[in-house]
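Student: Below is the file input_28.pdb, which contains PDB, C-alpha atoms, pLDDT in the B column.
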```pdb
ATOM      1  CA  MET A  29      -2.517 -15.064 -23.274  1.00 45.00           C
ATOM      2  CA  ALA A  30      -5.165 -13.447 -21.070  1.00 49.00           C
ATOM      3  CA  SER A  31      -3.943 -11.722 -17.940  1.00 65.00           C
ATOM      4  CA  ALA A  32      -5.087 -12.885 -14.528  1.00 75.00           C
ATOM      5  CA  PRO A  33      -8.097 -11.071 -13.086  1.00 80.00           C
ATOM      6  CA  SER A  34      -7.508  -8.273 -10.598  1.00 82.00           C
ATOM      7  CA  THR A  35      -9.407  -9.953  -7.772  1.00 90.00           C
ATOM      8  CA  GLU A  36      -7.562  -8.452  -4.786  1.00 95.00           C
ATOM      9  CA  LEU A  37      -7.964  -4.983  -3.272  1.00 97.00           C
ATOM     10  CA  LEU A  38      -4.920  -3.247  -1.834  1.00 98.00           C
ATOM     11  CA  PHE A  39      -5.292  -0.016   0.145  1.00 98.00           C
ATOM     12  CA  SER A  40      -2.405   2.360  -0.518  1.00 97.00           C
ATOM     13  CA  TYR A  41      -1.684   5.569   1.359  1.00 95.00           C
ATOM     14  CA  GLY A  42       1.853   6.047   0.065  1.00 92.00           C
ATOM     15  CA  THR A  43       4.334   5.222  -2.652  1.00 91.00           C
ATOM     16  CA  LEU A  44       2.357   2.366  -4.252  1.00 95.00           C
ATOM     17  CA  GLN A  45       0.136   5.122  -5.657  1.00 95.00           C
ATOM     18  CA  HIS A  46       3.058   6.556  -7.663  1.00 92.00           C
ATOM     19  CA  PRO A  47       2.906   5.663 -11.372  1.00 94.00           C
ATOM     20  CA  GLN A  48       6.625   4.835 -11.631  1.00 93.00           C
ATOM     21  CA  VAL A  49       6.501   2.582  -8.556  1.00 93.00           C
ATOM     22  CA  GLN A  50       3.475   0.778 -10.059  1.00 96.00           C
ATOM     23  CA  LEU A  51       5.171   0.330 -13.433  1.00 96.00           C
ATOM     24  CA  ASP A  52       8.316  -1.071 -11.830  1.00 94.00           C
ATOM     25  CA  THR A  53       6.530  -3.243  -9.253  1.00 95.00           C
ATOM     26  CA  PHE A  54       3.560  -4.479 -11.299  1.00 96.00           C
ATOM     27  CA  GLY A  55       4.495  -3.755 -14.914  1.00 96.00           C
ATOM     28  CA  ARG A  56       1.407  -1.597 -15.365  1.00 97.00           C
ATOM     29  CA  ARG A  57      -0.560   1.305 -13.922  1.00 96.00           C
ATOM     30  CA  LEU A  58      -3.286   0.115 -11.572  1.00 96.00           C
ATOM     31  CA  ASP A  59      -6.955   1.067 -11.410  1.00 92.00           C
ATOM     32  CA  ALA A  60      -7.537   3.044  -8.218  1.00 95.00           C
ATOM     33  CA  GLU A  61     -10.464   4.462  -6.274  1.00 97.00           C
ATOM     34  CA  ASP A  62     -10.465   6.908  -3.354  1.00 98.00           C
ATOM     35  CA  ASP A  63     -11.159   5.320   0.021  1.00 98.00           C
ATOM     36  CA  VAL A  64     -10.438   5.792   3.734  1.00 98.00           C
ATOM     37  CA  LEU A  65      -8.979   3.482   6.378  1.00 98.00           C
ATOM     38  CA  PRO A  66     -10.717   4.208   9.703  1.00 98.00           C
ATOM     39  CA  GLY A  67      -9.129   3.574  13.100  1.00 97.00           C
ATOM     40  CA  TYR A  68      -5.546   4.149  11.924  1.00 98.00           C
ATOM     41  CA  THR A  69      -3.139   7.079  11.941  1.00 97.00           C
ATOM     42  CA  VAL A  70      -0.112   7.915   9.778  1.00 95.00           C
ATOM     43  CA  ASP A  71       3.439   7.943  11.086  1.00 93.00           C
ATOM     44  CA  TYR A  72       6.630   8.153   9.033  1.00 90.00           C
ATOM     45  CA  ALA A  73       9.546   5.756   8.781  1.00 86.00           C
ATOM     46  CA  GLU A  74      13.054   6.157   7.406  1.00 88.00           C
ATOM     47  CA  ILE A  75      13.637   3.625   4.630  1.00 84.00           C
ATOM     48  CA  GLU A  76      17.141   2.171   4.367  1.00 88.00           C
ATOM     49  CA  ASP A  77      16.504  -0.275   1.504  1.00 85.00           C
ATOM     50  CA  HIS A  78      18.303   1.404  -1.425  1.00 87.00           C
ATOM     51  CA  ARG A  79      16.164  -0.416  -3.994  1.00 85.00           C
ATOM     52  CA  VAL A  80      12.964   1.067  -2.523  1.00 87.00           C
ATOM     53  CA  VAL A  81      14.508   4.525  -2.070  1.00 84.00           C
ATOM     54  CA  ASP A  82      15.819   4.536  -5.660  1.00 88.00           C
ATOM     55  CA  LEU A  83      12.393   3.582  -6.969  1.00 84.00           C
ATOM     56  CA  SER A  84      10.270   5.887  -4.794  1.00 86.00           C
ATOM     57  CA  LYS A  85      12.800   8.746  -4.733  1.00 88.00           C
ATOM     58  CA  GLN A  86      11.960   9.134  -1.018  1.00 88.00           C
ATOM     59  CA  THR A  87      13.945   8.142   2.070  1.00 87.00           C
ATOM     60  CA  VAL A  88      10.974   8.681   4.388  1.00 89.00           C
ATOM     61  CA  HIS A  89       7.723   6.805   3.727  1.00 87.00           C
ATOM     62  CA  PRO A  90       4.371   6.977   5.467  1.00 89.00           C
ATOM     63  CA  ILE A  91       3.437   4.011   7.645  1.00 92.00           C
ATOM     64  CA  VAL A  92       0.132   3.490   9.426  1.00 95.00           C
ATOM     65  CA  ARG A  93      -0.568   2.093  12.841  1.00 95.00           C
ATOM     66  CA  GLU A  94      -3.855   0.998  14.302  1.00 96.00           C
ATOM     67  CA  THR A  95      -5.334   3.210  17.015  1.00 96.00           C
ATOM     68  CA  GLY A  96      -8.856   1.796  17.167  1.00 93.00           C
ATOM     69  CA  SER A  97     -10.172   5.342  17.546  1.00 96.00           C
ATOM     70  CA  PRO A  98     -13.097   6.255  15.292  1.00 90.00           C
ATOM     71  CA  LEU A  99     -11.637   9.771  15.147  1.00 96.00           C
ATOM     72  CA  ASP A 100      -8.517   8.552  13.321  1.00 98.00           C
ATOM     73  CA  LYS A 101      -8.501   7.880   9.595  1.00 98.00           C
ATOM     74  CA  VAL A 102      -6.070   7.521   6.726  1.00 98.00           C
ATOM     75  CA  VAL A 103      -6.985   8.767   3.260  1.00 97.00           C
ATOM     76  CA  GLY A 104      -5.718   6.743   0.315  1.00 98.00           C
ATOM     77  CA  LYS A 105      -6.576   4.699  -2.745  1.00 98.00           C
ATOM     78  CA  THR A 106      -7.881   1.193  -3.212  1.00 98.00           C
ATOM     79  CA  LEU A 107      -5.851  -0.515  -5.943  1.00 97.00           C
ATOM     80  CA  ARG A 108      -7.129  -3.512  -7.900  1.00 96.00           C
ATOM     81  CA  VAL A 109      -4.386  -6.153  -8.144  1.00 97.00           C
ATOM     82  CA  THR A 110      -3.942  -9.793  -9.072  1.00 96.00           C
ATOM     83  CA  ALA A 111      -2.670 -12.401  -6.614  1.00 95.00           C
ATOM     84  CA  ASP A 112       0.746 -12.251  -8.335  1.00 96.00           C
ATOM     85  CA  GLU A 113       0.793  -8.449  -8.033  1.00 96.00           C
ATOM     86  CA  LEU A 114      -0.002  -8.764  -4.334  1.00 96.00           C
ATOM     87  CA  ASP A 115       3.094 -10.969  -4.034  1.00 96.00           C
ATOM     88  CA  ALA A 116       5.071  -8.291  -5.915  1.00 96.00           C
ATOM     89  CA  ALA A 117       3.829  -5.662  -3.455  1.00 96.00           C
ATOM     90  CA  ASP A 118       5.027  -7.889  -0.592  1.00 96.00           C
ATOM     91  CA  GLN A 119       8.483  -7.901  -2.208  1.00 94.00           C
ATOM     92  CA  TYR A 120       8.445  -4.100  -2.581  1.00 90.00           C
ATOM     93  CA  GLU A 121       7.549  -3.360   1.036  1.00 89.00           C
ATOM     94  CA  VAL A 122      10.380  -3.394   3.577  1.00 85.00           C
ATOM     95  CA  ALA A 123      10.467  -5.272   6.903  1.00 86.00           C
ATOM     96  CA  LEU A 124       8.907  -2.317   8.763  1.00 89.00           C
ATOM     97  CA  TYR A 125       5.553  -3.203   7.185  1.00 92.00           C
ATOM     98  CA  ARG A 126       3.251  -6.210   7.439  1.00 95.00           C
ATOM     99  CA  ARG A 127       0.212  -6.902   5.259  1.00 97.00           C
ATOM    100  CA  VAL A 128      -3.119  -7.236   7.066  1.00 98.00           C
ATOM    101  CA  SER A 129      -6.758  -7.457   6.064  1.00 98.00           C
ATOM    102  CA  VAL A 130      -8.738  -4.294   6.864  1.00 97.00           C
ATOM    103  CA  VAL A 131     -12.260  -2.965   6.351  1.00 97.00           C
ATOM    104  CA  LEU A 132     -12.375   0.414   4.638  1.00 98.00           C
ATOM    105  CA  ALA A 133     -14.891   3.227   5.134  1.00 97.00           C
ATOM    106  CA  SER A 134     -16.574   2.068   1.899  1.00 97.00           C
ATOM    107  CA  GLY A 135     -17.287  -1.268   3.595  1.00 97.00           C
ATOM    108  CA  ARG A 136     -14.918  -3.128   1.287  1.00 97.00           C
ATOM    109  CA  ARG A 137     -12.309  -5.524   2.658  1.00 98.00           C
ATOM    110  CA  ALA A 138      -8.781  -4.867   1.392  1.00 98.00           C
ATOM    111  CA  TRP A 139      -5.156  -5.568   2.192  1.00 98.00           C
ATOM    112  CA  ALA A 140      -3.084  -2.795   3.764  1.00 98.00           C
ATOM    113  CA  TYR A 141       0.533  -2.522   4.847  1.00 96.00           C
ATOM    114  CA  VAL A 142       0.745  -1.414   8.468  1.00 96.00           C
ATOM    115  CA  SER A 143       3.451  -0.937  11.092  1.00 93.00           C
ATOM    116  CA  VAL A 144       4.981  -4.153  12.418  1.00 88.00           C
TER     117      VAL A 144
END
```
If you convert what's in this file into structure tokens, what do you get?

Tutor:
Amino acid sequence: MASAPSTELLFSYGTLQHPQVQLDTFGRRLDAEDDVLPGYTVDYAEIEDHRVVDLSKQTVHPIVRETGSPLDKVVGKTLRVTADELDAADQYEVALYRRVSVVLASGRRAWAYVSV
């Protein structure tokens, strides 16, 4: 059976870049390219979901918030995912995050998890 095409782009600046998190969340390592999210800055949030902490091995995760300032930017990776993998990423992220559509410095549109 052929796998579904990786038609979605997901910008990651944190634990979704980790190979073990990808294997557990998506069942595979994802293709990734360097990119930048302009107009956002990185904060940090304490994660209380034991499932996420056990998987990431981190109790504090980065979280971005929009500033609108052209001086602010977040460096990360654009991951190629399927629609089902995007759903899996939604399940991985805790309630502190919401998924929004963003435009990256490369000009590509991608999903990103930002502060609620």

Student: Just give me the residues with any atom within 10 Å of (13.4, -1.4, -1.8), file coordinates, counting all atoms listed in the file, written as number ranges by chain.

Tutor: A: 75-84, 119-123

Student: Of the candidates A:Arg108, A:Lys101, A:Arg136, A:Arg126, which shows the shortest atom-to-atom distance to Gly67 in chain A, using all atoms listed in the file?

Tutor: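 Of A:Arg108, A:Lys101, A:Arg136, A:Arg126, the one nearest Gly67 in chain A is A:Lys101, counting all atoms listed in the file.
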
Student: List as a list in words the protein and nucleic acid residues near Trp139 in chain A, meaning an atom at most 7 Å away when all atoms listed in the file are counted, but skip any in the same chain fewer than 4 places from it.

Tutor: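 The residues satisfying every condition are Leu37, Leu38, Phe39, Arg127, Val128, Ser129 and Val130 of chain A.
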
Student: I need the output of the PyMOL selection byres ((chain A and resi 33) around 8) for this file as a PyMOL selection string; which residues are they?

Tutor: chain A and resi 31-32+34-35+109-110

Student: When you count all atoms listed in the file, which of these residues is closest to Val144 in chain A: A:Val102, A:Ile91, A:Asp62, A:Leu124?

Tutor: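 Among A:Val102, A:Ile91, A:Asp62, A:Leu124, it is A:Leu124 that comes nearest to Val144 in chain A.
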
Student: What do you get, as a ChimeraX atom specification, if you spell out every residue that the PyMOL selection byres ((chain A and resi 96) around 10) selects here?

Tutor: /A:66-69,93-95,97-101

Student: How many Å lie between CA of Gln45 in chain A and CA of Val64 in chain A, rounded to one decimal?

Tutor: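 So the two atoms, CA of Gln45 in chain A and CA of Val64 in chain A, lie 14.2 Å apart.
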
Student: For Lys105 in chain A, which residue out of A:Thr87, A:His46, A:Asp118, A:Glu61 is the nearest one, using all atoms listed in the file?

Tutor: A:Glu61

Student: To one decimal place in Å, what is the distance between CA of Ser143 in chain A and CA of Val92 in chain A?

Tutor: 5.8 Å

Student: So how far away is CA of Tyr72 in chain A from CA of Val88 in chain A, in Å?

Tutor: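 Atom-to-atom, CA of Val88 in chain A and CA of Tyr72 in chain A are spaced 6.4 Å apart.
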
Student: May I ask which of the residues A:Val70, A:Leu65, A:Ala116, A:Leu58 is the closest one to Leu132 in chain A, counting all atoms listed in the file?

Tutor: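 Going through A:Val70, A:Leu65, A:Ala116, A:Leu58 one by one, the smallest distance to Leu132 in chain A is for A:Leu65.
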
Student: Enclose all atoms of range 107-119 of chain A listed in the file in an axis-aligned box, grow every side by 8 Å, and hand back centre and edge lengths in Å to one decimal, as lines of an AutoDock Vina configuration file.

Tutor:
```
center_x = 0.7
center_y = -6.5
center_z = -4.8
size_x = 31.6
size_y = 27.9
size_z = 24.5
```

Student: Could you check the closest approach to Asp63 in chain A for each of A:Ala111, A:Ala138, A:Ala117, A:Val49 and tell me which residue wins, using all atoms listed in the file?

Tutor: A:Ala138

Student: Under the PyMOL selection byres ((chain A and resi 41) around 6), which residues of this model are included? Write them out as a PyMOL selection string.

Tutor: chain A and resi 40+42+104

Student: From the options A:Gln86, A:Tyr141, A:Leu107, A:Asp71, which residue's atoms come nearest to Arg57 in chain A, counting all atoms listed in the file?

Tutor: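 Ranked by minimum distance to Arg57 in chain A, first place goes to A:Leu107.
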